[in-house]
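K.L.:
First the structure, then my questions, so here it is.
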Amino acid sequence: MLGCRGVSRVPPARASWRQVQRQCRPEAVQPFGGGSNAAQGVAVTHSATSFSRAWPEDEIGTQLLITDTDASPTEEACWDQCQQTSMALRLDGKQLAAKLEARLQQQIQTGLAAAGRSPGLAVLRVGDDPASAVYVRNKEKACARIGVESFGSHLPANASQQEVLTAIRALNADQRVDGILLQLPLPEGLDETPLLAEIDPDKDADGLHTLNLGRLLKGEQGPRSCTPAGVMVMLRDQGIDPAGKRAVVVGRSILVGQPMALMLQAANATVTVAHSRTQDLASITRQAEILVVAAGRPEMIGADHITPGCVVVDVGIHRRPEGGLCGDVRAEELEPVAAALSPVPGGVGPMTVTMLLVNTVVAWCRRHQVALDLSDLVV
Ligand code: NDP
């Protein structure tokens, strides 16, 4: 049975509180929210996070993560209010990234004495691509915030393949450096494949080295590609367990789509990968309980592409001609029907930078046998 605004009505006794929580975005349900309302003695917060939109099982096949406790009276009230305000849970990557940065910072402090030095990240930039300059600056700022030392190297646009190779080898040998990132795109004339292959796989902060993609394929430990790893950590943070779920990844790039599919599969989802030659894309994406869109096509996915209750992660990022940013999905259409949705901006993007830091700090820990509690961030 469908209730108001298309939300099926499931009594709180059947729908777990976590389901209710996911319906109650803090900004949508202020009377029950934490923050300023906590002073009113309402013991409900919105930070714990497993959820499911309560669609009847025969509509979606299986429910996403029905977990733990039954609902309390307060929760029931919240549930009622949720019926009026059903919007997708916001997969807030910006907030999560800030939380993880604080953890990384704390844990660097803890391991500093044993390691004898801070973790180090080297970003190698070649040429003067303005967007790359901004990305690199953001990465350096993020390093500074958590106590990772930056070793920026900037070669001129006319640097030769050999010069870049030499710079990479120097960073491989530099004992202060735990992570190396070759900022892409490279100027014309440089071949990125042999350059990426030259990076010491254990210092591969981007997780894109062939060996590390092989390690991912085989389920072996190693640095993971930052964007898909960030998506996995976002899902995990919200208690969204892909195990047994139907996941669809739109896009099959080495940077995002392929490793994303492997990570979801490693987490026991049943994964379909769609791409530009996929016929009738909507019929594929509608099968998804978890949909990750990384097609690089502005706002190509709309409400007709998903089954209500789907978790949607929007990896795409585009500048609108009229200003502002958008993703690969039409967020306004999806918000009332999806169970959860990552915003653009503020979703996957901040998590990508954070996972770069995670890869660097984890490499530093392993190198110095520092026991840091980052296991939940290792995908
Ligand atoms: P690529 O262009 O390398 O890959 C795009 C993929 O999408 C390809 O596999 C392509 O298929 C597929 N595709 C293209 N059009 C369609 C379509 N109409 N239907 C189905 N599939 C389609 O892009 P990336 O993977 O590098 O990036 C994807 C998006 O994610 C971009 O917007 C990028 O800016 C963004 N991004 C965001 C990051 C972040 O941190 N937020 C990080 C990295 C990327 P085929 O293989 O057949 O060509």
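Chain lettering (A, B, ...) mirrors the order of the structure tokens, residue numbering begins at 1 for each chain separately, and ligand numbering begins at 1 in order of display.
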List all protein, DNA and RNA residues that have an atom no more than 7 Å from any atom of ligand 1, counting only C-alpha atoms and all ligand atoms, and report them as JSON, numbers by chain.

P.N.:
{"A": [227, 250, 251, 252, 253, 254, 255, 256, 257, 274, 275, 276, 277, 278, 281, 294, 295, 296, 297, 315, 316, 317, 318, 327, 328, 348, 349, 350, 352]}

K.L.:
As a PyMOL selection string, list the residues of region 187-365 of chain A assigned to strand (DSSP E or B) by DSSP on the backbone atoms of this structure.

P.N.:
chain A and resi 204+246-250+270-274+290-293+301+311-314+318-319+325-326+329+340-341

K.L.:
Can you spit out the residues from that selection as an mmCIF file, in the first residue's frame, using N, CA and C atoms?

P.N.:
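Result file is result-v7.cif:
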data_model
loop_
_atom_site.group_PDB
_atom_site.id
_atom_site.type_symbol
_atom_site.label_atom_id
_atom_site.label_comp_id
_atom_site.auth_asym_id
_atom_site.auth_seq_id
_atom_site.Cartn_x
_atom_site.Cartn_y
_atom_site.Cartn_z
ATOM 1 N N ASP A 204 51.284 3.946 -3.915
ATOM 2 C CA ASP A 204 50.323 4.340 -4.943
ATOM 3 C C ASP A 204 49.065 4.917 -4.287
ATOM 4 N N ARG A 246 21.176 -6.192 -5.253
ATOM 5 C CA ARG A 246 21.456 -6.014 -6.685
ATOM 6 C C ARG A 246 22.038 -4.621 -6.865
ATOM 7 N N ALA A 247 23.262 -4.582 -7.344
ATOM 8 C CA ALA A 247 23.917 -3.287 -7.564
ATOM 9 C C ALA A 247 24.141 -3.089 -9.050
ATOM 10 N N VAL A 248 23.915 -1.879 -9.504
ATOM 11 C CA VAL A 248 24.209 -1.538 -10.898
ATOM 12 C C VAL A 248 25.194 -0.372 -10.885
ATOM 13 N N VAL A 249 26.267 -0.529 -11.668
ATOM 14 C CA VAL A 249 27.241 0.545 -11.832
ATOM 15 C C VAL A 249 27.124 1.031 -13.275
ATOM 16 N N VAL A 250 26.859 2.308 -13.449
ATOM 17 C CA VAL A 250 26.807 2.869 -14.804
ATOM 18 C C VAL A 250 28.167 3.507 -15.069
ATOM 19 N N THR A 270 25.376 -8.429 -5.995
ATOM 20 C CA THR A 270 25.305 -9.005 -7.342
ATOM 21 C C THR A 270 25.332 -7.818 -8.294
ATOM 22 N N VAL A 271 26.402 -7.735 -9.075
ATOM 23 C CA VAL A 271 26.700 -6.477 -9.764
ATOM 24 C C VAL A 271 26.500 -6.570 -11.274
ATOM 25 N N THR A 272 25.841 -5.565 -11.807
ATOM 26 C CA THR A 272 25.741 -5.402 -13.264
ATOM 27 C C THR A 272 26.452 -4.105 -13.625
ATOM 28 N N VAL A 273 27.262 -4.149 -14.684
ATOM 29 C CA VAL A 273 27.943 -2.936 -15.143
ATOM 30 C C VAL A 273 27.325 -2.510 -16.473
ATOM 31 N N ALA A 274 26.861 -1.269 -16.511
ATOM 32 C CA ALA A 274 26.301 -0.720 -17.749
ATOM 33 C C ALA A 274 27.285 0.285 -18.339
ATOM 34 N N ILE A 290 21.104 -0.791 -5.239
ATOM 35 C CA ILE A 290 22.155 0.217 -5.085
ATOM 36 C C ILE A 290 22.601 0.596 -6.497
ATOM 37 N N LEU A 291 22.519 1.867 -6.805
ATOM 38 C CA LEU A 291 22.883 2.346 -8.146
ATOM 39 C C LEU A 291 24.019 3.357 -8.017
ATOM 40 N N VAL A 292 25.139 3.065 -8.676
ATOM 41 C CA VAL A 292 26.256 4.010 -8.694
ATOM 42 C C VAL A 292 26.392 4.522 -10.122
ATOM 43 N N VAL A 293 26.305 5.826 -10.271
ATOM 44 C CA VAL A 293 26.327 6.394 -11.620
ATOM 45 C C VAL A 293 27.634 7.158 -11.828
ATOM 46 N N ILE A 301 20.387 10.423 -15.441
ATOM 47 C CA ILE A 301 19.540 9.458 -14.739
ATOM 48 C C ILE A 301 18.409 10.200 -14.019
ATOM 49 N N VAL A 311 19.129 3.008 -3.384
ATOM 50 C CA VAL A 311 20.214 3.875 -2.892
ATOM 51 C C VAL A 311 20.994 4.348 -4.117
ATOM 52 N N VAL A 312 21.103 5.651 -4.291
ATOM 53 C CA VAL A 312 21.743 6.177 -5.497
ATOM 54 C C VAL A 312 22.995 6.972 -5.120
ATOM 55 N N VAL A 313 24.107 6.586 -5.705
ATOM 56 C CA VAL A 313 25.349 7.327 -5.498
ATOM 57 C C VAL A 313 25.735 7.977 -6.820
ATOM 58 N N ASP A 314 25.831 9.291 -6.774
ATOM 59 C CA ASP A 314 26.113 10.071 -7.982
ATOM 60 C C ASP A 314 27.580 10.476 -7.974
ATOM 61 N N HIS A 318 29.769 17.989 -12.863
ATOM 62 C CA HIS A 318 29.785 18.836 -14.070
ATOM 63 C C HIS A 318 29.482 20.267 -13.681
ATOM 64 N N ARG A 319 30.067 21.173 -14.447
ATOM 65 C CA ARG A 319 29.722 22.580 -14.297
ATOM 66 C C ARG A 319 28.544 22.883 -15.200
ATOM 67 N N LEU A 325 27.085 23.446 -9.994
ATOM 68 C CA LEU A 325 27.511 22.087 -10.330
ATOM 69 C C LEU A 325 26.319 21.150 -10.367
ATOM 70 N N CYS A 326 26.442 20.110 -11.144
ATOM 71 C CA CYS A 326 25.435 19.036 -11.099
ATOM 72 C C CYS A 326 26.150 17.706 -11.283
ATOM 73 N N VAL A 329 22.962 12.531 -12.136
ATOM 74 C CA VAL A 329 21.544 12.230 -11.899
ATOM 75 C C VAL A 329 20.754 13.528 -11.730
ATOM 76 N N ALA A 340 18.166 6.838 -0.567
ATOM 77 C CA ALA A 340 19.319 7.661 -0.202
ATOM 78 C C ALA A 340 19.944 8.174 -1.482
ATOM 79 N N LEU A 341 20.563 9.337 -1.375
ATOM 80 C CA LEU A 341 21.142 9.961 -2.570
ATOM 81 C C LEU A 341 22.349 10.790 -2.145
#

K.L.:
Please return, as a VMD selection string, all residues of region 256-287 of chain A that DSSP assigns to helix (DSSP H, G or I) on the basis of the backbone.

P.N.:
chain A and resid 257 to 266 281 to 285

K.L.:
Output N, CA and C atoms for every residue in the selection just made, as a PDB file, in the first residue's frame.

P.N.:
ATOM      1  N   GLY A 257      34.329   3.113 -12.631  1.00  0.00           N
ATOM      2  CA  GLY A 257      33.343   2.052 -12.828  1.00  0.00           C
ATOM      3  C   GLY A 257      33.855   0.650 -12.537  1.00  0.00           C
ATOM      4  N   GLN A 258      34.999   0.316 -13.108  1.00  0.00           N
ATOM      5  CA  GLN A 258      35.509  -1.057 -12.941  1.00  0.00           C
ATOM      6  C   GLN A 258      35.852  -1.364 -11.481  1.00  0.00           C
ATOM      7  N   PRO A 259      36.687  -0.520 -10.845  1.00  0.00           N
ATOM      8  CA  PRO A 259      36.975  -0.840  -9.434  1.00  0.00           C
ATOM      9  C   PRO A 259      35.733  -0.776  -8.547  1.00  0.00           C
ATOM     10  N   MET A 260      34.785   0.098  -8.895  1.00  0.00           N
ATOM     11  CA  MET A 260      33.537   0.182  -8.113  1.00  0.00           C
ATOM     12  C   MET A 260      32.804  -1.149  -8.153  1.00  0.00           C
ATOM     13  N   ALA A 261      32.706  -1.705  -9.373  1.00  0.00           N
ATOM     14  CA  ALA A 261      32.006  -2.980  -9.537  1.00  0.00           C
ATOM     15  C   ALA A 261      32.716  -4.083  -8.742  1.00  0.00           C
ATOM     16  N   LEU A 262      34.066  -4.070  -8.803  1.00  0.00           N
ATOM     17  CA  LEU A 262      34.820  -5.101  -8.068  1.00  0.00           C
ATOM     18  C   LEU A 262      34.617  -4.959  -6.556  1.00  0.00           C
ATOM     19  N   MET A 263      34.598  -3.709  -6.089  1.00  0.00           N
ATOM     20  CA  MET A 263      34.430  -3.509  -4.635  1.00  0.00           C
ATOM     21  C   MET A 263      33.035  -3.927  -4.174  1.00  0.00           C
ATOM     22  N   LEU A 264      32.033  -3.605  -4.977  1.00  0.00           N
ATOM     23  CA  LEU A 264      30.670  -4.009  -4.604  1.00  0.00           C
ATOM     24  C   LEU A 264      30.547  -5.525  -4.627  1.00  0.00           C
ATOM     25  N   GLN A 265      31.191  -6.125  -5.624  1.00  0.00           N
ATOM     26  CA  GLN A 265      31.148  -7.588  -5.705  1.00  0.00           C
ATOM     27  C   GLN A 265      31.886  -8.215  -4.525  1.00  0.00           C
ATOM     28  N   ALA A 266      33.028  -7.608  -4.173  1.00  0.00           N
ATOM     29  CA  ALA A 266      33.775  -8.118  -3.007  1.00  0.00           C
ATOM     30  C   ALA A 266      32.929  -7.997  -1.732  1.00  0.00           C
ATOM     31  N   LEU A 281      18.981   1.173 -21.030  1.00  0.00           N
ATOM     32  CA  LEU A 281      19.647   1.378 -19.730  1.00  0.00           C
ATOM     33  C   LEU A 281      18.654   1.390 -18.565  1.00  0.00           C
ATOM     34  N   ALA A 282      17.513   2.029 -18.772  1.00  0.00           N
ATOM     35  CA  ALA A 282      16.553   2.177 -17.656  1.00  0.00           C
ATOM     36  C   ALA A 282      16.083   0.814 -17.144  1.00  0.00           C
ATOM     37  N   SER A 283      15.943  -0.149 -18.058  1.00  0.00           N
ATOM     38  CA  SER A 283      15.476  -1.468 -17.608  1.00  0.00           C
ATOM     39  C   SER A 283      16.546  -2.152 -16.746  1.00  0.00           C
ATOM     40  N   ILE A 284      17.796  -1.799 -16.962  1.00  0.00           N
ATOM     41  CA  ILE A 284      18.896  -2.348 -16.136  1.00  0.00           C
ATOM     42  C   ILE A 284      18.949  -1.608 -14.793  1.00  0.00           C
ATOM     43  N   THR A 285      18.932  -0.271 -14.866  1.00  0.00           N
ATOM     44  CA  THR A 285      19.102   0.491 -13.617  1.00  0.00           C
ATOM     45  C   THR A 285      17.902   0.296 -12.685  1.00  0.00           C
TER      46      THR A 285
END

K.L.:
Near region 92-99 of chain A, counting only C-alpha atoms, which residues have an atom at most 12 Å away, once you skip same-chain residues fewer than 5 positions from it, shown as a PyMOL selection string?

P.N.:
chain A and resi 25+47+49+104-106+142+145-146+227+230-238+313-315+340-358+377

K.L.:
CA of Ala167 (chain A) and CA of Val126 (chain A) are how many Å apart?

P.N.:
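Rounded to one decimal, the two atoms are 10.5 Å apart.
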
K.L.:
So that I can check the surroundings of region 369-374 of chain A, please list as a VMD selection string every protein, DNA and RNA residue that reaches within 10 Å of it, counting only C-alpha atoms and ignoring chain neighbours fewer than 4 positions away.

P.N.:
chain A and resid 100 103 to 104 106 to 108 110 to 115 358 361 to 365 378

K.L.:
Check the smallest atom-to-atom distance from each of A:Gly219, A:Gly152, A:Pro185, A:Gly179 to Gly127 (chain A) using only C-alpha atoms, then report the winner.

P.N.:
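Closest to Gly127 (chain A) of all the choices is A:Pro185.
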
K.L.:
Please identify all polymer residues within 8 Å of Ala338 (chain A), counting only C-alpha atoms, omitting same-chain residues fewer than 3 positions from it, and present them as a list in words.

P.N.:
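Once the nearby chain positions are removed, what remains is Met87, Ala88, Ile306, Thr307, Pro308, Gly309, Cys310, Val311, Val312, Leu334, Glu335 and Leu341 of chain A.
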
K.L.:
Would you mind listing what lies within 9 Å of Ala159 (chain A) as a ChimeraX atom specification, with only C-alpha atoms counted and same-chain residues fewer than 2 positions away left out?

P.N.:
/A:126-127,155-157,161-164,187,190

K.L.:
Identify which of the residues A:Val177, A:Ile168, A:Ala269, A:Met300 lies closest to Ala288 (chain A), counting only C-alpha atoms when measuring atom-to-atom distances.

P.N.:
A:Ala269

K.L.:
In Å, how far is it from CA of Pro119 (chain A) to CA of Glu140 (chain A)?

P.N.:
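If I compute the distance from CA of Pro119 (chain A) to CA of Glu140 (chain A), I get 12.9 Å.
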
K.L.:
Nearest to Ser153 (chain A): which of A:Ile199, A:Ala122, A:Ala205, A:Ala243 is it, counting only C-alpha atoms?

P.N.:
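Of A:Ile199, A:Ala122, A:Ala205, A:Ala243, the one nearest Ser153 (chain A), counting only C-alpha atoms, is A:Ala122.
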
K.L.:
Identify which of the residues A:Gly302, A:Gly189, A:Gly214, A:Gly147 lies closest to Glu333 (chain A), counting only C-alpha atoms when measuring atom-to-atom distances.

P.N.:
A:Gly302
